[in-house]
Amino acid sequence: MTIKKIFSQLDFFGQCRRYDIPISQCPQFLFLIMGLVIIFSSIITYALGTRYIRDPEIALLLVLSITAVLLILAYLISRSFERLAQANRLKSEFVSIVSHQLRSPLSNMRWALEVLMSGKMGKIEEKQLEYFSILRENSDRMRELVKDLLTVSRIETARLSFKKEMFSLEKLIKELICSFEPFSKASNTEISFQAEKDLPMVVSDREKIKLVIENLIDNAIRYTKGKGKIEIKLKKKDGRVYFEIKDNGVGIPKGDQKYVFQKFFRSKNASRYQTEGSGLGLYIVKSILEKAKGKIGFRSQEGKGSTFWFTLPIE
Amino acid sequence: MKRILFIEDESALQKTLGEVLRENGYEVINALNGELGMKLAKMKKPNLILLDLILPKLSGFEVLKQLKKDETTKDIPVIVLTNLEGVGDVEKAMELGATTYLVKANYSLKEVVDKVKTALEG
């Protein structure tokens with residue numbers, strides 16, 4: 001058992017995968033590098049020592065003490081790195097457990113509410129219906145938030161599964177525009193869609209890419225002011241499929257632009273115009289696209305609108 | 001009358017979904033844990049089983065495994081109705097022989113009833 005444990009400790013790459021951080025930041029890998037540095041510096045100290053110090057015992061003592069100091073330092077540094085990485089992983093697991101636990105009472109509430117609102121338990125007055133609707137809307141909001149939190153925790157613990165299947169992005173966008181119609185109409189926003197002819201299919205995870213486009217359309221509608229106009233374009237560019245969504249909404253202030261893909265970030269004007277929103281959407285979008293080997297970017301001007309784009313590889 | 005066995009440890013859900021299913025003309029038998037669910041499945045021969053995965057005494061996965069092993073219960077369609085959605089959970093349940101996998105949080109009562117109808121009446 002102990003030998004097995006030692007061997008599992010030696011599997012640096014396996015241990016690094018658990019943290020889902022780049023290999024250059026992984027504590028186990030850093031420890032390995034530091035070990036090599038120590039060996040080399042010991043050899044150099046030995047070479048220099050034998051050259052300049054006559055007494056071989058003193059030279060040996062010098063080499064040993066320098067090696068020991070370096071080793072202790074390396075251990076302390078990599079240990080603290082490891083603790084940080086571990087704390088980060090625990091935090092993600094905690095979020096995952098909490099959001100799973102929140103789901104059960106939430107679905108109980110939603111289903112009970114559905115029974116009440118159906119009128120089967122007695123007639124509901126207009127005034128009551130208004131309040132029931134508030135309850136339903138807010139439980140929907142909570143459900144979305146829990147769903148986003150779960151997605152984030154999956155991204156962070158490297159447990160986000162990713163399928164590869166062939167599908168038409170054009171078809172998917174058309175479906176999504178249809179499903180957003182009630183929301184866009186209610187927000188007085190018009191969505192137009194333009195796709196280049198004979199676009200190739202893409203090979204990616206359809207459900208995840210759907211989540212990406214859903215988030216982008218949702219944002220575009222949510223942050224329009226007055227009469228909204230959203231233009232979606234799909235074309236081929238540099239051997240990739242290029243998606244673009246342009247809105248005439250509130251835009252992102254210049255100072256906030258570098259933070260938009262950060263977790264929980266909401267720009268100042270966004271929270272002023274729209275109280276809903278967790279600040280997780282664009283973080284999720286970016287993480288999914290990274291996994292899909294895609295790219296994302298945007299241009300935005302406060303008060304004028306934003307254009308978000310992403311590309312996906314064809315094969 | 002078609003008979004549904006509902007294995008679920010949350011009594012609130014048994015009440016809401018159970019009641020709506022009864023309204024839709026089904027007979028509903030409740031089981032609050034996996035062990036009882038297994039017993040009732042053999043005794044009552046339901047036409048459909050609604051199964052939660054996180055259950056006391058015998059987990060939903062274990063119930064599913066035993067149902068599919070037993071000659072008398074292996075042909076009963078099983079709809080997994082759970083909030084568990086970890087990596088591999090869906091695949092595992094489908095491999096064990098579940099007909100459908102529904103995440104409670106993603107469905108309304110009406111949608112669940114529709115899925116039950118489809119499973120029973122095709």
# chains A, B, ... in the order shown; residues from 1 in each chain; ligands from 1

call {"tool": "interface_residues", "arguments": {"of": "chain B", "to": "chain A", "cutoff": "9 Å", "atoms": "only C-alpha atoms", "output": "ChimeraX atom specification"}}
result
/B:10,12-13,15-17,20,82-87,104-110

call {"tool": "write_last_selection", "arguments": {"atoms": "N, CA, C and O atoms", "output": "short mmCIF file (atom, residue, chain, number, x, y, z; two decimals), in the first residue's frame"}}
result
data_model
loop_
_atom_site.label_atom_id
_atom_site.label_comp_id
_atom_site.auth_asym_id
_atom_site.auth_seq_id
_atom_site.Cartn_x
_atom_site.Cartn_y
_atom_site.Cartn_z
N GLU B 10 -38.35 11.77 -1.11
CA GLU B 10 -38.90 13.08 -0.73
C GLU B 10 -40.42 13.01 -0.77
O GLU B 10 -41.02 12.89 -1.86
N ALA B 12 -42.54 15.28 -0.31
CA ALA B 12 -43.16 16.43 -1.00
C ALA B 12 -43.32 16.13 -2.49
O ALA B 12 -44.35 16.43 -3.09
N LEU B 13 -42.30 15.50 -3.06
CA LEU B 13 -42.38 15.18 -4.49
C LEU B 13 -43.39 14.08 -4.75
O LEU B 13 -44.09 14.08 -5.76
N LYS B 15 -46.04 13.65 -3.17
CA LYS B 15 -47.35 14.27 -3.09
C LYS B 15 -47.67 15.00 -4.40
O LYS B 15 -48.69 14.73 -5.03
N THR B 16 -46.77 15.90 -4.82
CA THR B 16 -47.09 16.71 -6.01
C THR B 16 -47.19 15.85 -7.27
O THR B 16 -48.22 15.82 -7.92
N LEU B 17 -46.12 15.15 -7.59
CA LEU B 17 -46.13 14.37 -8.83
C LEU B 17 -47.15 13.23 -8.75
O LEU B 17 -47.88 12.96 -9.70
N VAL B 20 -50.65 14.51 -9.39
CA VAL B 20 -50.88 14.88 -10.79
C VAL B 20 -51.00 13.62 -11.66
O VAL B 20 -51.83 13.55 -12.57
N THR B 82 -34.21 12.30 -11.14
CA THR B 82 -33.25 12.62 -10.08
C THR B 82 -32.69 14.02 -10.23
O THR B 82 -32.91 14.68 -11.25
N ASN B 83 -31.96 14.46 -9.22
CA ASN B 83 -31.23 15.73 -9.36
C ASN B 83 -29.73 15.47 -9.47
O ASN B 83 -28.93 16.38 -9.54
N LEU B 84 -29.38 14.20 -9.49
CA LEU B 84 -27.98 13.82 -9.62
C LEU B 84 -27.57 13.97 -11.08
O LEU B 84 -28.26 13.46 -11.97
N GLU B 85 -26.49 14.68 -11.31
CA GLU B 85 -26.11 14.90 -12.71
C GLU B 85 -24.60 14.96 -12.82
O GLU B 85 -24.04 15.81 -13.51
N GLY B 86 -23.94 14.05 -12.13
CA GLY B 86 -22.48 14.03 -12.18
C GLY B 86 -22.00 13.41 -13.49
O GLY B 86 -22.80 12.84 -14.23
N VAL B 87 -20.69 13.53 -13.71
CA VAL B 87 -20.14 12.93 -14.92
C VAL B 87 -20.31 11.42 -14.85
O VAL B 87 -20.01 10.79 -13.85
N LYS B 104 -34.67 16.45 -12.43
CA LYS B 104 -35.87 17.12 -11.90
C LYS B 104 -35.84 18.63 -12.11
O LYS B 104 -36.83 19.22 -12.54
N ALA B 105 -34.69 19.22 -11.81
CA ALA B 105 -34.61 20.68 -11.87
C ALA B 105 -34.87 21.23 -13.27
O ALA B 105 -35.23 22.39 -13.42
N ASN B 106 -34.68 20.40 -14.29
CA ASN B 106 -34.83 20.90 -15.65
C ASN B 106 -36.22 20.70 -16.23
O ASN B 106 -36.48 21.08 -17.36
N TYR B 107 -37.12 20.05 -15.47
CA TYR B 107 -38.44 19.76 -16.03
C TYR B 107 -39.56 20.29 -15.16
O TYR B 107 -39.45 20.32 -13.94
N SER B 108 -40.66 20.67 -15.83
CA SER B 108 -41.85 21.03 -15.07
C SER B 108 -42.64 19.74 -14.84
O SER B 108 -42.38 18.72 -15.48
N LEU B 109 -43.60 19.83 -13.92
CA LEU B 109 -44.44 18.66 -13.63
C LEU B 109 -45.11 18.15 -14.90
O LEU B 109 -45.14 16.95 -15.16
N LYS B 110 -45.63 19.10 -15.68
CA LYS B 110 -46.36 18.73 -16.89
C LYS B 110 -45.45 17.96 -17.85
O LYS B 110 -45.85 16.96 -18.45
#

call {"tool": "residues_around", "arguments": {"residues": "Leu21 of chain B", "least_positions_apart": "4", "cutoff": "9 Å", "atoms": "only C-alpha atoms", "output": "PyMOL selection string"}}
result
chain B and resi 4+16-17+25-28+113+116

call {"tool": "select_by_dssp", "arguments": {"residues": "segment 35-247 of chain A", "states": "helix (DSSP H, G or I)", "output": "PyMOL selection string"}}
result
chain A and resi 35-52+56-117+126-156+169-186+206-222

call {"tool": "residues_around", "arguments": {"residues": "segment 164-181 of chain A", "least_positions_apart": "4", "cutoff": "8 Å", "atoms": "only C-alpha atoms", "output": "ChimeraX atom specification"}}
result
/A:185,191,193,195,200-206,210,213-214,234

call {"tool": "select_by_dssp", "arguments": {"residues": "chain B", "states": "strand (DSSP E)", "output": "PyMOL selection string"}}
result
chain B and resi 3-7+27-31+48-51+78-82+100-103

call {"tool": "residues_around", "arguments": {"residues": "segment 40-56 of chain A", "least_positions_apart": "4", "cutoff": "10 Å", "atoms": "only C-alpha atoms", "output": "list in words"}}
result
Met34, Gly35, Leu36, Leu60, Leu61, Leu62, Val63, Leu64, Ser65, Ile66, Thr67, Ala68 and Leu70 of chain A

call {"tool": "atom_distance", "arguments": {"atom1": "atom CA of Phe61 of chain B", "atom2": "atom CA of Gln15 of chain A"}}
result
29.4 Å

call {"tool": "closest_atom_pairs", "arguments": {"of": "segment 77-103 of chain B", "to": "segment 36-50 of chain B", "cutoff": "8 Å", "atoms": "only C-alpha atoms", "output": "tab-separated table"}}
result
residue	atom	partner	partner_atom	distance
B:Pro77	CA	B:Leu48	CA	5.3
B:Val78	CA	B:Ile49	CA	4.7
B:Ile79	CA	B:Leu50	CA	4.9
B:Val80	CA	B:Leu50	CA	5.9
B:Leu81	CA	B:Leu50	CA	6.4

call {"tool": "atom_distance", "arguments": {"atom1": "atom CA of Lys286 of chain A", "atom2": "atom CA of Lys304 of chain A"}}
result
23.3 Å
